[in-house]
>>> print(open('protein_9.cif').read())   # mmCIF, N, CA and C atoms
data_input
#
loop_
_atom_site.label_atom_id
_atom_site.label_comp_id
_atom_site.auth_asym_id
_atom_site.auth_seq_id
_atom_site.Cartn_x
_atom_site.Cartn_y
_atom_site.Cartn_z
N MET B 1 -38.19 -84.17 -40.89
CA MET B 1 -37.62 -83.12 -40.06
C MET B 1 -37.38 -81.85 -40.88
N MET B 2 -36.78 -82.00 -42.06
CA MET B 2 -36.51 -80.85 -42.92
C MET B 2 -37.80 -80.20 -43.39
N MET B 3 -38.80 -81.00 -43.67
CA MET B 3 -40.08 -80.47 -44.14
C MET B 3 -40.74 -79.60 -43.08
N ALA B 4 -40.67 -79.99 -41.81
CA ALA B 4 -41.25 -79.21 -40.72
C ALA B 4 -40.52 -77.88 -40.58
N MET B 5 -39.21 -77.89 -40.70
CA MET B 5 -38.41 -76.66 -40.62
C MET B 5 -38.76 -75.71 -41.76
N GLU B 6 -38.90 -76.22 -42.96
CA GLU B 6 -39.26 -75.40 -44.11
C GLU B 6 -40.64 -74.77 -43.91
N LYS B 7 -41.57 -75.53 -43.36
CA LYS B 7 -42.91 -75.00 -43.11
C LYS B 7 -42.87 -73.87 -42.09
N ARG B 8 -42.04 -74.02 -41.04
CA ARG B 8 -41.93 -72.96 -40.04
C ARG B 8 -41.32 -71.69 -40.65
N VAL B 9 -40.29 -71.86 -41.45
CA VAL B 9 -39.65 -70.71 -42.10
C VAL B 9 -40.65 -70.01 -43.02
N LEU B 10 -41.38 -70.77 -43.80
CA LEU B 10 -42.39 -70.18 -44.68
C LEU B 10 -43.48 -69.47 -43.89
N ALA B 11 -43.89 -70.04 -42.77
CA ALA B 11 -44.91 -69.41 -41.93
C ALA B 11 -44.41 -68.08 -41.38
N VAL B 12 -43.16 -68.05 -40.92
CA VAL B 12 -42.58 -66.81 -40.40
C VAL B 12 -42.48 -65.76 -41.51
N LEU B 13 -42.00 -66.16 -42.67
CA LEU B 13 -41.91 -65.22 -43.80
C LEU B 13 -43.27 -64.68 -44.19
N PHE B 14 -44.27 -65.52 -44.19
CA PHE B 14 -45.63 -65.09 -44.53
C PHE B 14 -46.13 -64.07 -43.51
N CYS B 15 -45.89 -64.33 -42.23
CA CYS B 15 -46.34 -63.41 -41.18
C CYS B 15 -45.65 -62.05 -41.31
N VAL B 16 -44.34 -62.06 -41.57
CA VAL B 16 -43.61 -60.80 -41.74
C VAL B 16 -44.13 -60.04 -42.95
N ALA B 17 -44.34 -60.73 -44.06
CA ALA B 17 -44.87 -60.09 -45.27
C ALA B 17 -46.26 -59.54 -45.02
N ALA B 18 -47.10 -60.29 -44.35
CA ALA B 18 -48.47 -59.84 -44.07
C ALA B 18 -48.44 -58.66 -43.13
N TRP B 19 -47.57 -58.67 -42.11
CA TRP B 19 -47.51 -57.57 -41.17
C TRP B 19 -47.06 -56.29 -41.86
N SER B 20 -46.05 -56.38 -42.71
CA SER B 20 -45.58 -55.17 -43.39
C SER B 20 -46.61 -54.65 -44.37
N TYR B 21 -47.45 -55.52 -44.92
CA TYR B 21 -48.51 -55.05 -45.80
C TYR B 21 -49.63 -54.41 -44.99
N VAL B 22 -49.94 -54.98 -43.84
CA VAL B 22 -51.04 -54.50 -43.02
C VAL B 22 -50.75 -53.09 -42.51
N ALA B 23 -49.54 -52.81 -42.10
CA ALA B 23 -49.19 -51.51 -41.54
C ALA B 23 -48.22 -50.81 -42.47
N SER B 24 -48.75 -50.19 -43.51
CA SER B 24 -47.88 -49.54 -44.48
C SER B 24 -48.55 -48.29 -45.02
N ILE B 25 -47.80 -47.19 -45.03
CA ILE B 25 -48.32 -45.92 -45.54
C ILE B 25 -47.43 -45.46 -46.69
N THR B 26 -48.04 -44.79 -47.64
CA THR B 26 -47.30 -44.21 -48.76
C THR B 26 -47.72 -42.76 -48.92
N VAL B 27 -46.75 -41.86 -48.83
CA VAL B 27 -46.98 -40.43 -49.04
C VAL B 27 -46.23 -40.03 -50.30
N ASN B 28 -46.88 -39.25 -51.16
CA ASN B 28 -46.27 -38.92 -52.44
C ASN B 28 -46.55 -37.47 -52.85
N ILE B 29 -45.47 -36.77 -53.20
CA ILE B 29 -45.57 -35.48 -53.89
C ILE B 29 -45.15 -35.79 -55.31
N PRO B 30 -46.03 -35.58 -56.30
CA PRO B 30 -45.78 -36.09 -57.65
C PRO B 30 -44.52 -35.59 -58.34
N ASP B 31 -44.15 -34.34 -58.15
CA ASP B 31 -42.98 -33.78 -58.84
C ASP B 31 -41.91 -33.40 -57.83
N PRO B 32 -40.64 -33.57 -58.19
CA PRO B 32 -39.57 -33.21 -57.26
C PRO B 32 -39.32 -31.70 -57.15
N VAL B 33 -39.74 -30.94 -58.18
CA VAL B 33 -39.50 -29.49 -58.21
C VAL B 33 -40.75 -28.78 -58.70
N TYR B 34 -41.09 -27.67 -58.03
CA TYR B 34 -42.20 -26.81 -58.45
C TYR B 34 -41.66 -25.40 -58.64
N ASN B 35 -41.97 -24.78 -59.78
CA ASN B 35 -41.57 -23.41 -60.08
C ASN B 35 -42.78 -22.51 -60.00
N VAL B 36 -42.60 -21.34 -59.41
CA VAL B 36 -43.68 -20.37 -59.30
C VAL B 36 -43.08 -18.97 -59.40
N THR B 37 -43.82 -18.07 -60.01
CA THR B 37 -43.37 -16.69 -60.14
C THR B 37 -43.65 -15.94 -58.84
N ARG B 38 -42.69 -15.12 -58.43
CA ARG B 38 -42.85 -14.32 -57.21
C ARG B 38 -44.18 -13.57 -57.25
N GLY B 39 -44.91 -13.63 -56.15
CA GLY B 39 -46.20 -12.95 -56.03
C GLY B 39 -47.39 -13.83 -56.38
N ASP B 40 -47.15 -14.94 -57.06
CA ASP B 40 -48.24 -15.85 -57.43
C ASP B 40 -48.57 -16.81 -56.27
N ASP B 41 -49.67 -17.52 -56.43
CA ASP B 41 -50.08 -18.56 -55.49
C ASP B 41 -49.67 -19.91 -56.07
N ILE B 42 -49.48 -20.89 -55.20
CA ILE B 42 -49.14 -22.24 -55.65
C ILE B 42 -49.77 -23.27 -54.72
N THR B 43 -50.11 -24.39 -55.30
CA THR B 43 -50.55 -25.56 -54.54
C THR B 43 -49.53 -26.66 -54.77
N ILE B 44 -48.96 -27.17 -53.69
CA ILE B 44 -48.05 -28.32 -53.78
C ILE B 44 -48.87 -29.54 -53.37
N PRO B 45 -49.10 -30.45 -54.32
CA PRO B 45 -49.95 -31.60 -54.01
C PRO B 45 -49.24 -32.66 -53.17
N CYS B 46 -50.01 -33.30 -52.32
CA CYS B 46 -49.51 -34.41 -51.52
C CYS B 46 -50.63 -35.44 -51.41
N THR B 47 -50.33 -36.66 -51.83
CA THR B 47 -51.31 -37.73 -51.69
C THR B 47 -50.78 -38.77 -50.72
N PHE B 48 -51.70 -39.46 -50.08
CA PHE B 48 -51.30 -40.51 -49.14
C PHE B 48 -52.28 -41.66 -49.19
N LYS B 49 -51.73 -42.82 -48.90
CA LYS B 49 -52.55 -44.03 -48.86
C LYS B 49 -52.07 -44.86 -47.68
N SER B 50 -53.01 -45.24 -46.84
CA SER B 50 -52.70 -46.04 -45.67
C SER B 50 -53.51 -47.33 -45.71
N THR B 51 -52.94 -48.36 -45.16
CA THR B 51 -53.69 -49.61 -45.07
C THR B 51 -54.63 -49.60 -43.86
N ILE B 52 -54.48 -48.60 -42.99
CA ILE B 52 -55.42 -48.43 -41.88
C ILE B 52 -56.54 -47.54 -42.40
N THR B 53 -57.70 -48.14 -42.61
CA THR B 53 -58.79 -47.43 -43.29
C THR B 53 -59.54 -46.45 -42.41
N SER B 54 -59.63 -46.69 -41.13
CA SER B 54 -60.35 -45.79 -40.22
C SER B 54 -59.47 -45.46 -39.02
N PRO B 55 -58.45 -44.64 -39.23
CA PRO B 55 -57.54 -44.34 -38.12
C PRO B 55 -58.24 -43.50 -37.05
N LYS B 56 -57.84 -43.72 -35.81
CA LYS B 56 -58.40 -42.96 -34.69
C LYS B 56 -57.71 -41.61 -34.55
N GLN B 57 -56.45 -41.54 -34.99
CA GLN B 57 -55.69 -40.30 -34.92
C GLN B 57 -54.85 -40.14 -36.19
N VAL B 58 -54.71 -38.88 -36.62
CA VAL B 58 -53.84 -38.56 -37.75
C VAL B 58 -53.23 -37.19 -37.49
N ILE B 59 -51.96 -37.06 -37.80
CA ILE B 59 -51.30 -35.75 -37.78
C ILE B 59 -50.68 -35.54 -39.15
N ILE B 60 -51.04 -34.44 -39.79
CA ILE B 60 -50.49 -34.07 -41.10
C ILE B 60 -49.67 -32.81 -40.90
N THR B 61 -48.40 -32.84 -41.29
CA THR B 61 -47.57 -31.65 -41.17
C THR B 61 -46.94 -31.32 -42.51
N TRP B 62 -46.85 -30.03 -42.77
CA TRP B 62 -46.10 -29.50 -43.91
C TRP B 62 -44.99 -28.64 -43.31
N SER B 63 -43.78 -28.82 -43.80
CA SER B 63 -42.67 -28.00 -43.33
C SER B 63 -41.82 -27.53 -44.50
N ALA B 64 -41.12 -26.42 -44.27
CA ALA B 64 -40.17 -25.87 -45.24
C ALA B 64 -38.83 -25.84 -44.53
N GLY B 65 -37.92 -26.70 -44.98
CA GLY B 65 -36.67 -26.84 -44.25
C GLY B 65 -36.97 -27.35 -42.86
N LYS B 66 -36.47 -26.65 -41.83
CA LYS B 66 -36.72 -27.06 -40.45
C LYS B 66 -37.93 -26.36 -39.83
N THR B 67 -38.59 -25.50 -40.60
CA THR B 67 -39.73 -24.74 -40.09
C THR B 67 -41.04 -25.45 -40.40
N VAL B 68 -41.81 -25.75 -39.37
CA VAL B 68 -43.14 -26.32 -39.58
C VAL B 68 -44.06 -25.20 -40.03
N ILE B 69 -44.70 -25.40 -41.17
CA ILE B 69 -45.63 -24.40 -41.71
C ILE B 69 -46.99 -24.55 -41.05
N LEU B 70 -47.50 -25.79 -41.09
CA LEU B 70 -48.80 -26.05 -40.49
C LEU B 70 -48.88 -27.50 -40.05
N ALA B 71 -49.79 -27.73 -39.11
CA ALA B 71 -50.06 -29.08 -38.63
C ALA B 71 -51.57 -29.24 -38.50
N TYR B 72 -52.07 -30.37 -38.98
CA TYR B 72 -53.50 -30.69 -38.90
C TYR B 72 -53.64 -31.90 -37.99
N TYR B 73 -54.63 -31.84 -37.10
CA TYR B 73 -54.84 -32.91 -36.13
C TYR B 73 -56.24 -33.51 -36.30
N TYR B 74 -56.28 -34.83 -36.43
CA TYR B 74 -57.54 -35.55 -36.48
C TYR B 74 -57.57 -36.46 -35.26
N PRO B 75 -58.62 -36.52 -34.49
CA PRO B 75 -60.01 -36.26 -34.81
C PRO B 75 -60.51 -34.86 -34.46
N THR B 76 -59.66 -33.99 -33.85
CA THR B 76 -60.17 -32.67 -33.47
C THR B 76 -60.38 -31.75 -34.66
N ARG B 77 -59.77 -32.09 -35.80
CA ARG B 77 -59.89 -31.31 -37.04
C ARG B 77 -59.37 -29.87 -36.87
N GLU B 78 -58.37 -29.73 -36.04
CA GLU B 78 -57.75 -28.43 -35.83
C GLU B 78 -56.52 -28.30 -36.73
N THR B 79 -56.30 -27.08 -37.23
CA THR B 79 -55.11 -26.79 -38.02
C THR B 79 -54.36 -25.66 -37.35
N ASP B 80 -53.10 -25.90 -37.04
CA ASP B 80 -52.23 -24.86 -36.49
C ASP B 80 -51.32 -24.38 -37.60
N VAL B 81 -51.31 -23.07 -37.82
CA VAL B 81 -50.42 -22.47 -38.83
C VAL B 81 -49.39 -21.62 -38.09
N THR B 82 -48.12 -21.83 -38.42
CA THR B 82 -47.04 -21.05 -37.82
C THR B 82 -47.26 -19.57 -38.12
N GLN B 83 -46.92 -18.73 -37.15
CA GLN B 83 -47.19 -17.29 -37.24
C GLN B 83 -46.71 -16.67 -38.55
N MET B 84 -45.51 -17.02 -39.01
CA MET B 84 -44.97 -16.39 -40.22
C MET B 84 -45.71 -16.80 -41.49
N TYR B 85 -46.57 -17.84 -41.41
CA TYR B 85 -47.34 -18.28 -42.57
C TYR B 85 -48.84 -17.99 -42.43
N LYS B 86 -49.25 -17.42 -41.30
CA LYS B 86 -50.68 -17.13 -41.11
C LYS B 86 -51.19 -16.22 -42.21
N GLY B 87 -52.34 -16.57 -42.78
CA GLY B 87 -52.93 -15.79 -43.85
C GLY B 87 -52.38 -16.14 -45.23
N ARG B 88 -51.29 -16.92 -45.27
CA ARG B 88 -50.69 -17.29 -46.56
C ARG B 88 -50.71 -18.79 -46.82
N ALA B 89 -50.73 -19.59 -45.77
CA ALA B 89 -50.67 -21.05 -45.93
C ALA B 89 -51.96 -21.69 -45.44
N SER B 90 -52.42 -22.67 -46.21
CA SER B 90 -53.61 -23.43 -45.81
C SER B 90 -53.49 -24.85 -46.34
N LEU B 91 -54.32 -25.72 -45.80
CA LEU B 91 -54.32 -27.12 -46.18
C LEU B 91 -55.60 -27.43 -46.93
N ASP B 92 -55.45 -27.95 -48.15
CA ASP B 92 -56.60 -28.43 -48.93
C ASP B 92 -56.67 -29.93 -48.69
N LEU B 93 -57.56 -30.33 -47.79
CA LEU B 93 -57.60 -31.70 -47.31
C LEU B 93 -58.86 -32.42 -47.76
N ASN B 94 -58.66 -33.60 -48.32
CA ASN B 94 -59.76 -34.53 -48.59
C ASN B 94 -59.29 -35.88 -48.08
N PHE B 95 -59.63 -36.14 -46.83
CA PHE B 95 -59.11 -37.32 -46.16
C PHE B 95 -59.51 -38.60 -46.87
N ALA B 96 -60.75 -38.70 -47.31
CA ALA B 96 -61.25 -39.91 -47.98
C ALA B 96 -60.49 -40.19 -49.28
N ALA B 97 -60.11 -39.12 -49.97
CA ALA B 97 -59.38 -39.28 -51.24
C ALA B 97 -57.87 -39.37 -51.03
N GLY B 98 -57.41 -39.18 -49.80
CA GLY B 98 -55.97 -39.23 -49.53
C GLY B 98 -55.23 -38.03 -50.08
N LYS B 99 -55.80 -36.84 -49.89
CA LYS B 99 -55.21 -35.61 -50.43
C LYS B 99 -54.96 -34.62 -49.30
N ALA B 100 -53.73 -34.10 -49.23
CA ALA B 100 -53.36 -33.11 -48.22
C ALA B 100 -52.46 -32.07 -48.86
N ASP B 101 -53.02 -31.25 -49.73
CA ASP B 101 -52.25 -30.28 -50.52
C ASP B 101 -51.97 -29.01 -49.73
N LEU B 102 -50.75 -28.50 -49.88
CA LEU B 102 -50.38 -27.23 -49.27
C LEU B 102 -50.67 -26.11 -50.25
N GLN B 103 -51.38 -25.09 -49.79
CA GLN B 103 -51.65 -23.91 -50.61
C GLN B 103 -50.89 -22.73 -50.02
N LEU B 104 -50.07 -22.09 -50.85
CA LEU B 104 -49.32 -20.91 -50.44
C LEU B 104 -49.76 -19.73 -51.29
N LYS B 105 -50.06 -18.62 -50.64
CA LYS B 105 -50.47 -17.40 -51.35
C LYS B 105 -49.30 -16.43 -51.41
N SER B 106 -49.25 -15.69 -52.50
CA SER B 106 -48.31 -14.58 -52.67
C SER B 106 -46.88 -14.96 -52.25
N VAL B 107 -46.31 -15.93 -52.97
CA VAL B 107 -44.98 -16.42 -52.61
C VAL B 107 -43.91 -15.35 -52.83
N SER B 108 -42.87 -15.44 -52.02
CA SER B 108 -41.74 -14.52 -52.15
C SER B 108 -40.46 -15.36 -52.24
N VAL B 109 -39.34 -14.70 -52.49
CA VAL B 109 -38.08 -15.43 -52.61
C VAL B 109 -37.72 -16.14 -51.30
N GLN B 110 -38.24 -15.67 -50.19
CA GLN B 110 -38.00 -16.33 -48.90
C GLN B 110 -38.68 -17.71 -48.84
N ASP B 111 -39.60 -17.98 -49.77
CA ASP B 111 -40.29 -19.27 -49.80
C ASP B 111 -39.50 -20.34 -50.56
N ASN B 112 -38.35 -19.99 -51.15
CA ASN B 112 -37.48 -20.99 -51.77
C ASN B 112 -37.04 -21.97 -50.69
N ALA B 113 -37.41 -23.24 -50.83
CA ALA B 113 -37.05 -24.24 -49.81
C ALA B 113 -37.46 -25.62 -50.29
N ASP B 114 -37.05 -26.61 -49.50
CA ASP B 114 -37.54 -27.97 -49.68
C ASP B 114 -38.76 -28.13 -48.77
N TYR B 115 -39.87 -28.54 -49.35
CA TYR B 115 -41.13 -28.69 -48.62
C TYR B 115 -41.41 -30.16 -48.38
N LYS B 116 -41.79 -30.47 -47.14
CA LYS B 116 -42.04 -31.87 -46.77
C LYS B 116 -43.47 -32.04 -46.28
N CYS B 117 -44.14 -33.04 -46.85
CA CYS B 117 -45.47 -33.46 -46.40
C CYS B 117 -45.28 -34.74 -45.60
N ARG B 118 -45.73 -34.74 -44.35
CA ARG B 118 -45.60 -35.93 -43.48
C ARG B 118 -46.97 -36.29 -42.93
N ILE B 119 -47.30 -37.57 -43.03
CA ILE B 119 -48.56 -38.09 -42.50
C ILE B 119 -48.21 -39.09 -41.40
N GLN B 120 -48.74 -38.86 -40.20
CA GLN B 120 -48.48 -39.76 -39.08
C GLN B 120 -49.79 -40.39 -38.63
N ILE B 121 -49.82 -41.72 -38.69
CA ILE B 121 -50.97 -42.49 -38.23
C ILE B 121 -50.42 -43.54 -37.28
N PRO B 122 -50.89 -43.56 -36.02
CA PRO B 122 -50.39 -44.56 -35.08
C PRO B 122 -50.50 -45.97 -35.65
N HIS B 123 -49.46 -46.75 -35.43
CA HIS B 123 -49.37 -48.15 -35.87
C HIS B 123 -49.20 -48.28 -37.37
N ASP B 124 -48.89 -47.19 -38.06
CA ASP B 124 -48.69 -47.24 -39.51
C ASP B 124 -47.36 -46.55 -39.83
N TYR B 125 -46.26 -47.20 -39.47
CA TYR B 125 -44.94 -46.59 -39.59
C TYR B 125 -44.14 -47.12 -40.77
N MET B 126 -44.52 -48.25 -41.29
CA MET B 126 -43.78 -48.85 -42.39
C MET B 126 -44.10 -48.09 -43.68
N GLY B 127 -43.27 -48.26 -44.67
CA GLY B 127 -43.53 -47.62 -45.96
C GLY B 127 -42.83 -46.28 -46.05
N GLN B 128 -43.53 -45.30 -46.61
CA GLN B 128 -42.96 -43.96 -46.81
C GLN B 128 -43.91 -42.94 -46.20
N PRO B 129 -43.67 -42.52 -44.94
CA PRO B 129 -44.60 -41.61 -44.26
C PRO B 129 -44.42 -40.14 -44.65
N ALA B 130 -43.44 -39.82 -45.49
CA ALA B 130 -43.21 -38.42 -45.88
C ALA B 130 -42.61 -38.37 -47.28
N ASP B 131 -42.80 -37.21 -47.92
CA ASP B 131 -42.16 -36.96 -49.21
C ASP B 131 -41.78 -35.48 -49.27
N THR B 132 -40.82 -35.17 -50.12
CA THR B 132 -40.26 -33.82 -50.21
C THR B 132 -40.21 -33.34 -51.65
N ALA B 133 -40.42 -32.03 -51.82
CA ALA B 133 -40.27 -31.38 -53.13
C ALA B 133 -39.64 -30.01 -52.92
N GLN B 134 -38.95 -29.55 -53.94
CA GLN B 134 -38.31 -28.24 -53.88
C GLN B 134 -39.21 -27.20 -54.54
N LEU B 135 -39.34 -26.05 -53.88
CA LEU B 135 -40.07 -24.92 -54.46
C LEU B 135 -39.05 -23.88 -54.88
N ILE B 136 -39.13 -23.48 -56.16
CA ILE B 136 -38.25 -22.45 -56.70
C ILE B 136 -39.11 -21.26 -57.08
N VAL B 137 -38.83 -20.13 -56.46
CA VAL B 137 -39.57 -18.90 -56.75
C VAL B 137 -38.78 -18.12 -57.79
N LEU B 138 -39.42 -17.89 -58.93
CA LEU B 138 -38.77 -17.21 -60.05
C LEU B 138 -39.02 -15.71 -59.98
N VAL B 139 -37.98 -14.95 -60.22
CA VAL B 139 -38.07 -13.50 -60.20
C VAL B 139 -37.69 -12.99 -61.58
N ALA B 140 -38.56 -12.17 -62.16
CA ALA B 140 -38.29 -11.60 -63.48
C ALA B 140 -37.08 -10.67 -63.39
N PRO B 141 -36.25 -10.67 -64.42
CA PRO B 141 -35.09 -9.78 -64.39
C PRO B 141 -35.53 -8.32 -64.46
N SER B 142 -34.76 -7.47 -63.83
CA SER B 142 -35.09 -6.04 -63.88
C SER B 142 -34.59 -5.46 -65.20
N PRO B 143 -35.25 -4.41 -65.68
CA PRO B 143 -34.82 -3.80 -66.95
C PRO B 143 -33.44 -3.16 -66.77
N PRO B 144 -32.62 -3.23 -67.79
CA PRO B 144 -31.27 -2.65 -67.69
C PRO B 144 -31.32 -1.13 -67.57
N ILE B 145 -30.38 -0.60 -66.85
CA ILE B 145 -30.26 0.85 -66.71
C ILE B 145 -29.18 1.30 -67.68
N CYS B 146 -29.55 2.19 -68.60
CA CYS B 146 -28.59 2.65 -69.61
C CYS B 146 -28.19 4.07 -69.37
#
>>> encode(input="protein_9.cif", output="C-alpha cells")
Amino acid sequence: MMMAMEKRVLAVLFCVAAWSYVASITVNIPDPVYNVTRGDDITIPCTFKSTITSPKQVIITWSAGKTVILAYYYPTRETDVTQMYKGRASLDLNFAAGKADLQLKSVSVQDNADYKCRIQIPHDYMGQPADTAQLIVLVAPSPPIC
C-alpha cells in the first residue's frame, strides 16, 4: 500500500517538474546598470530563451518606467514605436539567436530610467519573462565661471 502511494507521489512530482521545464522562458539583460554620455547612442542588450521552439505568436516590449517605448509583434513582424521615441528607438532583433536589443540614439537626461525587456509567448509563462536595467545618462560638468 505504501509503495503504491510513493509511486503516485513520484509520478505527480515528475509531471510537475516536466511541465515547468516544458513551459519556461528566461529573459536576461546582462548588466543591472548602463552608463552613457548625453548625446551618445546606446544599445541595451536583451537575450531570451524559450522552451517553445516555434511559437505561433510573440510580443516583445521595451519600456522605460511606465512608458512603453516599442512593441514588436510576431508573426506580423510589425514594430510600433511610441511617438516620443520615433526616430530614436529601434529593436535589433535576431529571433533565432534569442536577441532583442534596444537601440537608443542621441540620449538625453530625460532618458534616465529603468528599462524593461519583456517577451510574451503564449503558453510560456513560467520562468522569468522580463528583466530590467537602469540607464544613467552622464552629463559633463560645465566650466566654472570666474
>>> residues_around(input="protein_9.cif", residues="Phe48 in chain B", least_positions_apart="5", cutoff="7 Å", atoms="only N, CA and C atoms", output="mmCIF file with N, CA and C atoms, in the coordinates of the input")
data_model
loop_
_atom_site.group_PDB
_atom_site.id
_atom_site.type_symbol
_atom_site.label_atom_id
_atom_site.label_comp_id
_atom_site.auth_asym_id
_atom_site.auth_seq_id
_atom_site.Cartn_x
_atom_site.Cartn_y
_atom_site.Cartn_z
ATOM 1 N N ILE B 25 -47.800 -47.190 -45.030
ATOM 2 C CA ILE B 25 -48.320 -45.920 -45.540
ATOM 3 C C ILE B 25 -47.430 -45.460 -46.690
ATOM 4 N N THR B 26 -48.040 -44.790 -47.640
ATOM 5 C CA THR B 26 -47.300 -44.210 -48.760
ATOM 6 C C THR B 26 -47.720 -42.760 -48.920
ATOM 7 N N VAL B 27 -46.750 -41.860 -48.830
ATOM 8 C CA VAL B 27 -46.980 -40.430 -49.040
ATOM 9 C C VAL B 27 -46.230 -40.030 -50.300
ATOM 10 N N ASN B 28 -46.880 -39.250 -51.160
ATOM 11 C CA ASN B 28 -46.270 -38.920 -52.440
ATOM 12 C C ASN B 28 -46.550 -37.470 -52.850
ATOM 13 N N ALA B 97 -60.110 -39.120 -49.970
ATOM 14 C CA ALA B 97 -59.380 -39.280 -51.240
ATOM 15 C C ALA B 97 -57.870 -39.370 -51.030
ATOM 16 N N GLY B 98 -57.410 -39.180 -49.800
ATOM 17 C CA GLY B 98 -55.970 -39.230 -49.530
ATOM 18 C C GLY B 98 -55.230 -38.030 -50.080
ATOM 19 N N LYS B 99 -55.800 -36.840 -49.890
ATOM 20 C CA LYS B 99 -55.210 -35.610 -50.430
ATOM 21 C C LYS B 99 -54.960 -34.620 -49.300
ATOM 22 N N ALA B 100 -53.730 -34.100 -49.230
ATOM 23 C CA ALA B 100 -53.360 -33.110 -48.220
ATOM 24 C C ALA B 100 -52.460 -32.070 -48.860
#
>>> closest_residue(input="protein_9.cif", among="B:Ala133, B:Cys46, B:Cys146, B:Met84", to="Val68 in chain B", atoms="only C-alpha atoms")
B:Met84
>>> closest_residue(input="protein_9.cif", among="B:Leu138, B:Tyr125, B:Asp131, B:Leu70", to="Ser24 in chain B", atoms="all atoms listed in the file")
B:Tyr125
>>> residues_around(input="protein_9.cif", residues="Tyr74 in chain B", least_positions_apart="4", cutoff="8 Å", atoms="only C-alpha atoms", output="ChimeraX atom specification")
/B:56-59,78
>>> atom_distance(input="protein_9.cif", atom1="atom N of Asn112 in chain B", atom2="atom C of Asp31 in chain B")
15.4 Å
>>> resolve_selection(input="protein_9.cif", expression="the PyMOL selection byres ((chain B and resi 69) around 6.5)", output="PyMOL selection string")
chain B and resi 61-64+67-68+70-71+80-82+85
>>> write_last_selection(input="protein_9.cif", atoms="N, CA and C atoms", output="PDB file, in the coordinates of the input")
ATOM      1  N   THR B  61     -48.400 -32.840 -41.290  1.00  0.00           N
ATOM      2  CA  THR B  61     -47.570 -31.650 -41.170  1.00  0.00           C
ATOM      3  C   THR B  61     -46.940 -31.320 -42.510  1.00  0.00           C
ATOM      4  N   TRP B  62     -46.850 -30.030 -42.770  1.00  0.00           N
ATOM      5  CA  TRP B  62     -46.100 -29.500 -43.910  1.00  0.00           C
ATOM      6  C   TRP B  62     -44.990 -28.640 -43.310  1.00  0.00           C
ATOM      7  N   SER B  63     -43.780 -28.820 -43.800  1.00  0.00           N
ATOM      8  CA  SER B  63     -42.670 -28.000 -43.330  1.00  0.00           C
ATOM      9  C   SER B  63     -41.820 -27.530 -44.500  1.00  0.00           C
ATOM     10  N   ALA B  64     -41.120 -26.420 -44.270  1.00  0.00           N
ATOM     11  CA  ALA B  64     -40.170 -25.870 -45.240  1.00  0.00           C
ATOM     12  C   ALA B  64     -38.830 -25.840 -44.530  1.00  0.00           C
ATOM     13  N   THR B  67     -38.590 -25.500 -40.600  1.00  0.00           N
ATOM     14  CA  THR B  67     -39.730 -24.740 -40.090  1.00  0.00           C
ATOM     15  C   THR B  67     -41.040 -25.450 -40.400  1.00  0.00           C
ATOM     16  N   VAL B  68     -41.810 -25.750 -39.370  1.00  0.00           N
ATOM     17  CA  VAL B  68     -43.140 -26.320 -39.580  1.00  0.00           C
ATOM     18  C   VAL B  68     -44.060 -25.200 -40.030  1.00  0.00           C
ATOM     19  N   LEU B  70     -47.500 -25.790 -41.090  1.00  0.00           N
ATOM     20  CA  LEU B  70     -48.800 -26.050 -40.490  1.00  0.00           C
ATOM     21  C   LEU B  70     -48.880 -27.500 -40.050  1.00  0.00           C
ATOM     22  N   ALA B  71     -49.790 -27.730 -39.110  1.00  0.00           N
ATOM     23  CA  ALA B  71     -50.060 -29.080 -38.630  1.00  0.00           C
ATOM     24  C   ALA B  71     -51.570 -29.240 -38.500  1.00  0.00           C
ATOM     25  N   ASP B  80     -53.100 -25.900 -37.040  1.00  0.00           N
ATOM     26  CA  ASP B  80     -52.230 -24.860 -36.490  1.00  0.00           C
ATOM     27  C   ASP B  80     -51.320 -24.380 -37.600  1.00  0.00           C
ATOM     28  N   VAL B  81     -51.310 -23.070 -37.820  1.00  0.00           N
ATOM     29  CA  VAL B  81     -50.420 -22.470 -38.830  1.00  0.00           C
ATOM     30  C   VAL B  81     -49.390 -21.620 -38.090  1.00  0.00           C
ATOM     31  N   THR B  82     -48.120 -21.830 -38.420  1.00  0.00           N
ATOM     32  CA  THR B  82     -47.040 -21.050 -37.820  1.00  0.00           C
ATOM     33  C   THR B  82     -47.260 -19.570 -38.120  1.00  0.00           C
ATOM     34  N   TYR B  85     -46.570 -17.840 -41.410  1.00  0.00           N
ATOM     35  CA  TYR B  85     -47.340 -18.280 -42.570  1.00  0.00           C
ATOM     36  C   TYR B  85     -48.840 -17.990 -42.430  1.00  0.00           C
TER      37      TYR B  85
END
>>> closest_residue(input="protein_9.cif", among="B:Ser54, B:Ser142, B:Thr132, B:Thr37", to="Cys117 in chain B", atoms="only C-alpha atoms")
B:Thr132
>>> resolve_selection(input="protein_9.cif", expression="the PyMOL selection byres ((chain B and resi 41) around 5)", output="list of chain:residue names")
B:Gly39, B:Asp40, B:Ile42, B:Thr43, B:Leu104, B:Lys105, B:Ser106
>>> select_by_dssp(input="protein_9.cif", residues="chain B", states="strand (DSSP E or B)", output="JSON, numbers by chain")
{"B": [24, 25, 26, 27, 28, 33, 34, 35, 36, 37, 42, 43, 44, 47, 48, 49, 50, 58, 59, 60, 61, 62, 63, 64, 67, 68, 69, 70, 71, 72, 73, 74, 78, 79, 80, 81, 89, 90, 91, 92, 93, 94, 99, 100, 101, 102, 103, 104, 113, 114, 115, 116, 117, 118, 119, 120, 126, 127, 128, 130, 131, 132, 133, 134, 135, 136, 137, 138]}
>>> atom_distance(input="protein_9.cif", atom1="atom C of Pro45 in chain B", atom2="CA of Pro30 in chain B")
6.6 Å
>>> closest_residue(input="protein_9.cif", among="B:Thr79, B:Gln103, B:Ala96, B:Val109", to="Lys49 in chain B", atoms="only C-alpha atoms")
B:Ala96
>>> closest_residue(input="protein_9.cif", among="B:Ile29, B:Pro55, B:Ile60, B:Asn35", to="Ile119 in chain B", atoms="all atoms listed in the file")
B:Ile60
>>> closest_residue(input="protein_9.cif", among="B:Ile52, B:Ile44, B:Val36, B:Ile136", to="Gln120 in chain B", atoms="only C-alpha atoms")
B:Ile52
>>> atom_distance(input="protein_9.cif", atom1="atom N of Arg38 in chain B", atom2="atom C of Ser90 in chain B")
18.9 Å
>>> resolve_selection(input="protein_9.cif", expression="the PyMOL selection byres (((chain B and resi 113 and name CA) around 7) and name CA)", output="PyMOL selection string")
chain B and resi 64-65+111-112+114-115+134-135
